[in-house]
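> The following file, upload_23.csv, comprises CSV, C-alpha atoms:
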```csv
chain,number,residue,atom,x,y,z
A,1,MET,CA,0.0,0.0,0.0
A,2,THR,CA,1.4,3.4,-1.0
A,3,ARG,CA,1.8,6.2,1.5
A,4,ALA,CA,-0.9,8.3,-0.4
A,5,ALA,CA,-3.4,5.4,-0.2
A,6,LEU,CA,-2.7,4.9,3.5
A,7,SER,CA,-3.1,8.6,4.2
A,8,LEU,CA,-6.4,8.7,2.4
A,9,LYS,CA,-7.7,5.7,4.5
A,10,VAL,CA,-6.5,7.3,7.7
A,11,ALA,CA,-8.2,10.6,6.7
A,12,ALA,CA,-11.4,8.7,5.9
A,13,LEU,CA,-11.4,6.9,9.2
A,14,GLY,CA,-10.7,10.1,11.0
A,15,GLY,CA,-13.6,11.8,9.3
A,16,LEU,CA,-16.0,8.9,10.2
A,17,ALA,CA,-14.8,9.0,13.8
A,18,PHE,CA,-15.3,12.8,14.0
A,19,LEU,CA,-18.9,12.4,12.7
A,20,HIS,CA,-20.0,9.3,14.7
A,21,ILE,CA,-18.2,9.4,18.1
A,22,PRO,CA,-20.6,12.1,19.4
A,23,LEU,CA,-23.5,9.9,18.4
A,24,LEU,CA,-22.0,7.0,20.4
A,25,PHE,CA,-21.8,9.3,23.5
A,26,ILE,CA,-25.5,10.1,23.1
A,27,ILE,CA,-26.4,6.4,23.0
A,28,LEU,CA,-24.0,5.7,26.0
A,29,TYR,CA,-25.6,8.4,28.2
A,30,ALA,CA,-29.1,7.2,27.4
A,31,PHE,CA,-28.3,4.4,29.8
A,32,THR,CA,-26.6,6.3,32.6
A,33,THR,CA,-27.9,6.2,36.1
A,34,GLU,CA,-26.8,9.9,36.7
A,35,GLU,CA,-29.6,12.4,36.1
A,36,ARG,CA,-27.9,15.7,35.8
A,37,SER,CA,-24.1,15.3,35.2
A,38,TYR,CA,-22.0,13.8,32.4
A,39,ALA,CA,-19.3,12.0,34.3
A,40,PHE,CA,-17.1,9.8,32.2
A,41,PRO,CA,-17.3,6.9,32.3
A,42,PRO,CA,-20.9,6.8,33.5
A,43,PRO,CA,-21.2,5.7,37.2
A,44,GLY,CA,-23.7,3.0,36.2
A,45,TYR,CA,-26.2,1.8,33.6
A,46,THR,CA,-29.9,1.5,33.6
A,47,LEU,CA,-33.0,1.1,31.4
A,48,LYS,CA,-35.1,3.4,33.7
A,49,TRP,CA,-35.1,6.3,31.3
A,50,PHE,CA,-36.7,4.4,28.5
A,51,GLY,CA,-39.6,3.7,30.9
A,52,VAL,CA,-39.7,7.4,31.8
A,53,VAL,CA,-39.9,8.4,28.1
A,54,TRP,CA,-42.7,5.8,27.5
A,55,GLU,CA,-44.8,7.5,30.2
A,56,ARG,CA,-44.2,11.1,29.1
A,57,ASP,CA,-47.3,12.4,27.3
A,58,ASP,CA,-45.5,15.5,26.1
A,59,ILE,CA,-42.9,13.4,24.3
A,60,TRP,CA,-45.6,11.3,22.6
A,61,ALA,CA,-47.5,14.4,21.5
A,62,ALA,CA,-44.3,15.8,19.9
A,63,VAL,CA,-43.6,12.4,18.2
A,64,SER,CA,-47.1,12.3,16.9
A,65,LEU,CA,-46.9,15.8,15.5
A,66,SER,CA,-43.5,15.2,13.8
A,67,LEU,CA,-44.8,12.0,12.2
A,68,LYS,CA,-47.9,13.7,10.9
A,69,VAL,CA,-45.9,16.6,9.5
A,70,ALA,CA,-43.3,14.4,7.9
A,71,THR,CA,-45.9,12.2,6.3
A,72,LEU,CA,-47.9,15.1,4.8
A,73,ALA,CA,-44.7,16.9,3.7
A,74,THR,CA,-43.5,13.7,2.0
A,75,LEU,CA,-46.7,13.2,0.2
A,76,ILE,CA,-46.7,16.8,-1.1
A,77,ALA,CA,-43.1,16.4,-2.1
A,78,LEU,CA,-43.7,13.1,-4.0
A,79,ILE,CA,-46.5,14.7,-6.0
A,80,LEU,CA,-45.0,18.0,-6.9
A,81,GLY,CA,-41.4,16.7,-7.1
A,82,THR,CA,-42.4,13.9,-9.5
A,83,LEU,CA,-44.5,16.3,-11.7
A,84,ALA,CA,-41.6,18.8,-11.8
A,85,ALA,CA,-39.1,16.0,-12.7
A,86,GLY,CA,-41.3,14.8,-15.5
A,87,ALA,CA,-41.6,18.3,-16.9
A,88,LEU,CA,-37.9,19.1,-16.8
A,89,ALA,CA,-36.2,15.7,-17.4
A,90,ARG,CA,-36.3,15.8,-21.2
A,91,ALA,CA,-37.9,19.0,-22.2
A,92,ARG,CA,-35.8,21.7,-23.9
A,93,PHE,CA,-37.0,25.3,-23.5
A,94,PHE,CA,-35.5,28.7,-22.8
A,95,GLY,CA,-34.8,29.1,-19.1
A,96,ARG,CA,-34.8,25.4,-18.3
A,97,GLU,CA,-31.5,25.5,-16.3
A,98,PRO,CA,-32.6,28.5,-14.2
A,99,VAL,CA,-35.9,26.7,-13.4
A,100,SER,CA,-34.0,23.6,-12.4
A,101,LEU,CA,-31.8,25.7,-10.1
A,102,LEU,CA,-34.8,27.3,-8.5
A,103,PHE,CA,-36.0,23.8,-7.5
A,104,VAL,CA,-32.7,22.9,-5.9
A,105,LEU,CA,-32.2,26.3,-4.2
A,106,PRO,CA,-34.3,25.7,-1.0
A,107,ILE,CA,-32.1,22.9,0.2
A,108,ALA,CA,-28.9,24.7,-0.9
A,109,LEU,CA,-29.7,27.8,1.1
A,110,PRO,CA,-29.0,27.8,4.9
A,111,GLY,CA,-32.0,26.7,6.8
A,112,ILE,CA,-32.3,30.0,8.7
A,113,VAL,CA,-32.6,31.9,5.4
A,114,THR,CA,-35.4,29.6,4.2
A,115,GLY,CA,-37.1,29.9,7.7
A,116,ILE,CA,-37.0,33.7,7.7
A,117,ALA,CA,-38.3,33.8,4.1
A,118,LEU,CA,-41.2,31.5,4.9
A,119,ARG,CA,-42.1,33.4,8.1
A,120,GLN,CA,-42.2,36.7,6.3
A,121,ALA,CA,-44.2,35.2,3.4
A,122,PHE,CA,-46.8,33.7,5.8
A,123,GLY,CA,-46.9,37.1,7.7
A,124,LEU,CA,-47.5,39.1,4.5
A,125,MET,CA,-50.3,36.7,3.4
A,126,ASP,CA,-51.8,36.8,7.0
A,127,ILE,CA,-51.6,33.0,7.3
A,128,PRO,CA,-51.6,32.1,11.0
A,129,PHE,CA,-48.8,29.8,12.1
A,130,SER,CA,-50.1,26.3,12.7
A,131,PHE,CA,-49.7,22.7,11.8
A,132,TRP,CA,-50.1,23.5,8.1
A,133,THR,CA,-47.4,26.2,8.0
A,134,ILE,CA,-45.0,23.6,9.4
A,135,VAL,CA,-46.0,21.1,6.6
A,136,LEU,CA,-45.6,23.7,3.9
A,137,GLY,CA,-42.3,24.8,5.3
A,138,HIS,CA,-41.0,21.2,5.3
A,139,ALA,CA,-42.4,20.5,1.8
A,140,THR,CA,-40.2,23.3,0.4
A,141,PHE,CA,-37.0,21.3,0.9
A,142,CYS,CA,-38.5,17.8,0.7
A,143,ILE,CA,-39.6,18.5,-2.9
A,144,VAL,CA,-35.9,19.0,-3.8
A,145,VAL,CA,-35.0,15.5,-2.6
A,146,VAL,CA,-37.8,13.8,-4.5
A,147,TYR,CA,-37.1,16.0,-7.6
A,148,ASN,CA,-33.4,15.1,-7.7
A,149,ASN,CA,-34.0,11.4,-7.4
A,150,ALA,CA,-36.8,11.4,-10.0
A,151,VAL,CA,-35.1,13.6,-12.6
A,152,ALA,CA,-31.9,11.6,-12.4
A,153,ARG,CA,-33.8,8.3,-13.0
A,154,LEU,CA,-36.0,9.8,-15.8
A,155,ARG,CA,-33.0,11.1,-17.7
A,156,ARG,CA,-31.6,7.5,-17.7
A,157,LEU,CA,-34.8,6.0,-18.9
A,158,SER,CA,-34.7,5.3,-22.7
A,159,PRO,CA,-37.2,7.5,-24.5
A,160,SER,CA,-37.7,4.7,-27.1
A,161,MET,CA,-39.6,2.7,-24.4
A,162,ILE,CA,-42.1,5.5,-24.0
A,163,GLU,CA,-42.4,6.0,-27.8
A,164,ALA,CA,-43.0,2.2,-28.2
A,165,SER,CA,-45.7,2.3,-25.6
A,166,MET,CA,-47.5,5.1,-27.3
A,167,ASP,CA,-47.1,3.5,-30.7
A,168,LEU,CA,-48.8,0.3,-29.3
A,169,GLY,CA,-51.9,2.3,-28.4
A,170,ALA,CA,-51.3,3.1,-24.8
A,171,ASP,CA,-52.5,6.5,-23.6
A,172,ALA,CA,-50.4,8.9,-21.4
A,173,PHE,CA,-51.8,7.4,-18.1
A,174,GLN,CA,-51.2,3.8,-19.2
A,175,THR,CA,-47.7,4.7,-20.3
A,176,PHE,CA,-47.0,6.3,-17.0
A,177,ARG,CA,-48.5,3.4,-15.0
A,178,LEU,CA,-47.0,0.5,-16.9
A,179,VAL,CA,-43.7,1.9,-18.3
A,180,ILE,CA,-42.5,5.0,-16.4
A,181,LEU,CA,-43.6,4.2,-12.9
A,182,PRO,CA,-42.0,0.7,-12.7
A,183,ASN,CA,-38.7,2.2,-13.8
A,184,VAL,CA,-38.7,5.2,-11.4
A,185,GLY,CA,-40.6,3.6,-8.5
A,186,THR,CA,-37.5,2.8,-6.5
A,187,ALA,CA,-36.1,6.3,-7.0
A,188,LEU,CA,-39.4,7.8,-5.8
A,189,LEU,CA,-39.5,5.5,-2.8
A,190,ALA,CA,-35.9,6.4,-1.9
A,191,GLY,CA,-36.7,10.1,-2.4
A,192,GLY,CA,-39.8,9.8,-0.2
A,193,MET,CA,-37.8,8.1,2.6
A,194,LEU,CA,-35.1,10.7,2.5
A,195,ALA,CA,-37.7,13.5,2.5
A,196,PHE,CA,-39.4,11.8,5.5
A,197,ALA,CA,-36.1,11.6,7.4
A,198,LEU,CA,-35.3,15.2,6.7
A,199,SER,CA,-38.7,16.5,7.8
A,200,PHE,CA,-38.8,14.4,10.9
A,201,ASP,CA,-35.7,15.9,12.4
A,202,GLU,CA,-35.9,19.4,10.9
A,203,VAL,CA,-35.5,22.1,13.6
A,204,ILE,CA,-34.5,25.4,12.0
A,205,VAL,CA,-37.3,25.9,9.5
A,206,THR,CA,-39.7,24.5,12.1
A,207,THR,CA,-38.6,27.2,14.6
A,208,PHE,CA,-39.8,29.9,12.2
A,209,THR,CA,-43.0,28.3,11.0
A,210,ALA,CA,-44.4,26.4,14.1
A,211,GLY,CA,-46.1,29.1,16.2
A,212,GLN,CA,-47.2,27.3,19.4
A,213,GLN,CA,-46.7,23.8,17.9
A,214,SER,CA,-43.9,21.6,19.3
A,215,THR,CA,-42.4,19.0,17.0
A,216,LEU,CA,-40.0,16.4,18.5
A,217,PRO,CA,-36.8,18.4,17.5
A,218,ILE,CA,-38.3,21.6,19.0
A,219,TRP,CA,-39.1,19.6,22.2
A,220,MET,CA,-35.5,18.4,22.4
A,221,LEU,CA,-34.2,21.9,21.9
A,222,SER,CA,-36.3,23.3,24.7
A,223,GLU,CA,-35.2,20.4,27.0
A,224,LEU,CA,-31.5,21.2,26.3
A,225,VAL,CA,-32.1,24.9,27.1
A,226,ARG,CA,-33.8,24.1,30.4
A,227,PRO,CA,-32.5,20.6,31.3
A,228,ARG,CA,-34.4,18.5,33.9
A,229,GLN,CA,-33.7,14.9,33.2
A,230,ARG,CA,-30.8,14.8,30.6
A,231,PRO,CA,-30.9,11.1,30.0
A,232,VAL,CA,-34.5,11.4,28.8
A,233,THR,CA,-33.3,13.8,26.1
A,234,ASN,CA,-30.6,11.3,25.1
A,235,VAL,CA,-33.2,8.5,24.9
A,236,VAL,CA,-35.3,10.6,22.6
A,237,ALA,CA,-32.2,11.4,20.6
A,238,VAL,CA,-31.6,7.7,20.2
A,239,LEU,CA,-35.2,7.4,18.9
A,240,VAL,CA,-34.6,10.1,16.3
A,241,ILE,CA,-31.4,8.5,15.2
A,242,ALA,CA,-33.2,5.2,14.6
A,243,VAL,CA,-36.2,6.8,12.8
A,244,THR,CA,-33.9,8.8,10.5
A,245,PHE,CA,-31.2,6.2,10.0
A,246,LEU,CA,-33.5,3.4,8.8
A,247,PRO,CA,-35.1,5.3,5.9
A,248,ILE,CA,-31.7,6.7,4.8
A,249,LEU,CA,-30.3,3.1,4.8
A,250,ALA,CA,-33.2,1.8,2.8
A,251,ALA,CA,-32.9,4.7,0.3
A,252,TYR,CA,-29.3,3.8,-0.2
A,253,TYR,CA,-30.0,0.2,-1.0
A,254,LEU,CA,-32.9,1.1,-3.2
A,255,THR,CA,-30.9,3.5,-5.4
A,256,ARG,CA,-27.5,1.9,-5.5
A,257,GLU,CA,-28.6,-0.4,-8.4
A,258,GLY,CA,-29.9,2.5,-10.5
A,259,GLU,CA,-27.9,1.4,-13.5
A,260,ALA,CA,-30.4,-1.4,-14.0
A,261,VAL,CA,-33.1,1.0,-15.2
A,262,ALA,CA,-34.6,-0.4,-18.4
A,263,GLY,CA,-33.1,1.1,-21.5
A,264,SER,CA,-30.4,2.9,-19.7
A,265,GLY,CA,-27.4,3.7,-21.8
A,266,LYS,CA,-29.2,2.7,-25.0
```
Can you give me the file's structure in the form of structure tokens?

Amino acid sequence: MTRAALSLKVAALGGLAFLHIPLLFIILYAFTTEERSYAFPPPGYTLKWFGVVWERDDIWAAVSLSLKVATLATLIALILGTLAAGALARARFFGREPVSLLFVLPIALPGIVTGIALRQAFGLMDIPFSFWTIVLGHATFCIVVVYNNAVARLRRLSPSMIEASMDLGADAFQTFRLVILPNVGTALLAGGMLAFALSFDEVIVTTFTAGQQSTLPIWMLSELVRPRQRPVTNVVAVLVIAVTFLPILAAYYLTREGEAVAGSGK
């Protein structure tokens, strides 16, 4: 092994450690017996805090709200993101690239900029902050994830398959259902999973659009500002890690074989 290759491996391992060691500490301190301090190593280990979380109604209310918001934001993103991808994947018109950039912009901008923009827009339109403003705020960046996945898969789908379907007498809906959807289905599923994970743990945009609502990340932020039982917050953080990790892992396995799309490269 050359020195350059060894250096790259060490740098990669160092980057992974830098990213994931803090997560391991969160998991470790979810089992600590100490309520207020972070002594290392923990003086003891217990499952008590998982029972405390199970009995906290405020936590379950925040979880329920986050799940509802993430589900609706993902549905909106799947519909609008797929339609936008279908319109821009192969069409050629003046201003196509600027329009594509506008779709990607909400996730490229810092979350605080998006949050401020949404708050001012809702204020100018006299829309009261509620559950629906959170959903609309999350949908702005969830659309980007679905759009990126769908447009990439559509551009690799052979146009001759669509033309053959139409030549054989299929209408537009039948072509979409029988030809296009089976080829882009995994990309849409992966995009929906990523969108759900992004929405579930979003905190910055939610802060500006929530009003009096409290999603799970907002609840965690308030607990960190005024800590009472720190291990409870760690247990909830472990829950968030699990809920967001599984969709991302599934999305990875669904899209890593994208080269198998019918007609790709032909």
> Between A:Leu168, A:Ala61, A:Ile79, A:Ile241, which is the closest to Ile218 (chain A) once you count all atoms listed in the file?
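Ranked by minimum distance to Ile218 (chain A), first place goes to A:Ala61.
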> Looking at A:Pro43, A:Gly111, A:Gly185, A:Gly192, which one is nearest to Leu154 (chain A), with distances taken over all atoms listed in the file?
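The answer is A:Gly185, which sits nearest to Leu154 (chain A).
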> Any idea what's packed within 10 Å of region 88-91 of chain A, counting all atoms listed in the file, ignoring anything in its chain fewer than 5 positions away? Could you give it as a list in words?
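The filter keeps Leu83, Arg96, Glu97, Val99, Ser100, Tyr147, Ala150, Val151, Ala152, Arg153, Leu154, Arg155, Arg156, Leu157 and Pro159 of chain A.
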> Mind checking which residues fall within 12 Å of region 210-214 of chain A, counting all atoms listed in the file, ignoring those fewer than 3 positions away in the same chain, and posting them as a PyMOL selection string?
chain A and resi 58-67+69+115+118-119+122-123+127-138+202-207+217-223
> Could the residues in this selection be written to a file with C-alpha atoms, as a JSON list (two decimals), in the coordinates of the input?

```
[["chain", "number", "residue", "atom", "x", "y", "z"],
["A", 58, "ASP", "CA", -45.50, 15.50, 26.10],
["A", 59, "ILE", "CA", -42.90, 13.40, 24.30],
["A", 60, "TRP", "CA", -45.60, 11.30, 22.60],
["A", 61, "ALA", "CA", -47.50, 14.40, 21.50],
["A", 62, "ALA", "CA", -44.30, 15.80, 19.90],
["A", 63, "VAL", "CA", -43.60, 12.40, 18.20],
["A", 64, "SER", "CA", -47.10, 12.30, 16.90],
["A", 65, "LEU", "CA", -46.90, 15.80, 15.50],
["A", 66, "SER", "CA", -43.50, 15.20, 13.80],
["A", 67, "LEU", "CA", -44.80, 12.00, 12.20],
["A", 69, "VAL", "CA", -45.90, 16.60, 9.50],
["A", 115, "GLY", "CA", -37.10, 29.90, 7.70],
["A", 118, "LEU", "CA", -41.20, 31.50, 4.90],
["A", 119, "ARG", "CA", -42.10, 33.40, 8.10],
["A", 122, "PHE", "CA", -46.80, 33.70, 5.80],
["A", 123, "GLY", "CA", -46.90, 37.10, 7.70],
["A", 127, "ILE", "CA", -51.60, 33.00, 7.30],
["A", 128, "PRO", "CA", -51.60, 32.10, 11.00],
["A", 129, "PHE", "CA", -48.80, 29.80, 12.10],
["A", 130, "SER", "CA", -50.10, 26.30, 12.70],
["A", 131, "PHE", "CA", -49.70, 22.70, 11.80],
["A", 132, "TRP", "CA", -50.10, 23.50, 8.10],
["A", 133, "THR", "CA", -47.40, 26.20, 8.00],
["A", 134, "ILE", "CA", -45.00, 23.60, 9.40],
["A", 135, "VAL", "CA", -46.00, 21.10, 6.60],
["A", 136, "LEU", "CA", -45.60, 23.70, 3.90],
["A", 137, "GLY", "CA", -42.30, 24.80, 5.30],
["A", 138, "HIS", "CA", -41.00, 21.20, 5.30],
["A", 202, "GLU", "CA", -35.90, 19.40, 10.90],
["A", 203, "VAL", "CA", -35.50, 22.10, 13.60],
["A", 204, "ILE", "CA", -34.50, 25.40, 12.00],
["A", 205, "VAL", "CA", -37.30, 25.90, 9.50],
["A", 206, "THR", "CA", -39.70, 24.50, 12.10],
["A", 207, "THR", "CA", -38.60, 27.20, 14.60],
["A", 217, "PRO", "CA", -36.80, 18.40, 17.50],
["A", 218, "ILE", "CA", -38.30, 21.60, 19.00],
["A", 219, "TRP", "CA", -39.10, 19.60, 22.20],
["A", 220, "MET", "CA", -35.50, 18.40, 22.40],
["A", 221, "LEU", "CA", -34.20, 21.90, 21.90],
["A", 222, "SER", "CA", -36.30, 23.30, 24.70],
["A", 223, "GLU", "CA", -35.20, 20.40, 27.00]]
```
> So the first atom is CA of Phe93 (chain A) and the second is CA of Pro106 (chain A); what is the distance between them in Å, to one decimal place?
22.7 Å
> A:Val104, A:Ile112, A:Leu246, A:Val232: which is nearest Trp49 (chain A), counting all atoms listed in the file?
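Of A:Val104, A:Ile112, A:Leu246, A:Val232, the one nearest Trp49 (chain A) is A:Val232, counting all atoms listed in the file.
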> For CA of Leu239 (chain A) and CA of Leu23 (chain A), determine how far apart the two atoms are, in Å to one decimal place.
12.0 Å
> Need the shell around Leu105 (chain A): protein/DNA/RNA residues with any atom at most 9 Å away, counting all atoms listed in the file. Skip same-chain ones fewer than 4 positions apart. Format as a count of residues only?
5
> So what do you get for CA of Ala187 (chain A) versus CA of Ala85 (chain A), distance-wise?
11.6 Å
> Counting all atoms listed in the file, which of A:Ser165, A:Thr114, A:Thr33, A:Thr71 gets nearest to Val179 (chain A)?
A:Ser165
> Please return, as a ChimeraX atom specification, all polymer residues that have at least one atom within 12 Å of the point (-25.2, 4.2, 21.2); use all atoms listed in the file and the file's own coordinate frame.
/A:20-32,234-235,237-239,241-242
> Using all atoms listed in the file, which of A:Ala197, A:Ala250, A:Leu224, A:Ile143 sits nearest Ile76 (chain A)?
A:Ile143
> What's the 10 Å shell around Gln120 (chain A), counting all atoms listed in the file, without same-chain residues fewer than 5 positions away, as a VMD selection string?
chain A and resid 115 125 to 126 208 to 209
> Let me see the file: selected residues, C-alpha atoms, as a compact mmCIF listing (two decimals), keeping the file's coordinate frame.

```
# COMPACT_ATOMS: atom_id res chain seq x y z
CA GLY A 115 -37.10 29.90 7.70
CA MET A 125 -50.30 36.70 3.40
CA ASP A 126 -51.80 36.80 7.00
CA PHE A 208 -39.80 29.90 12.20
CA THR A 209 -43.00 28.30 11.00
```
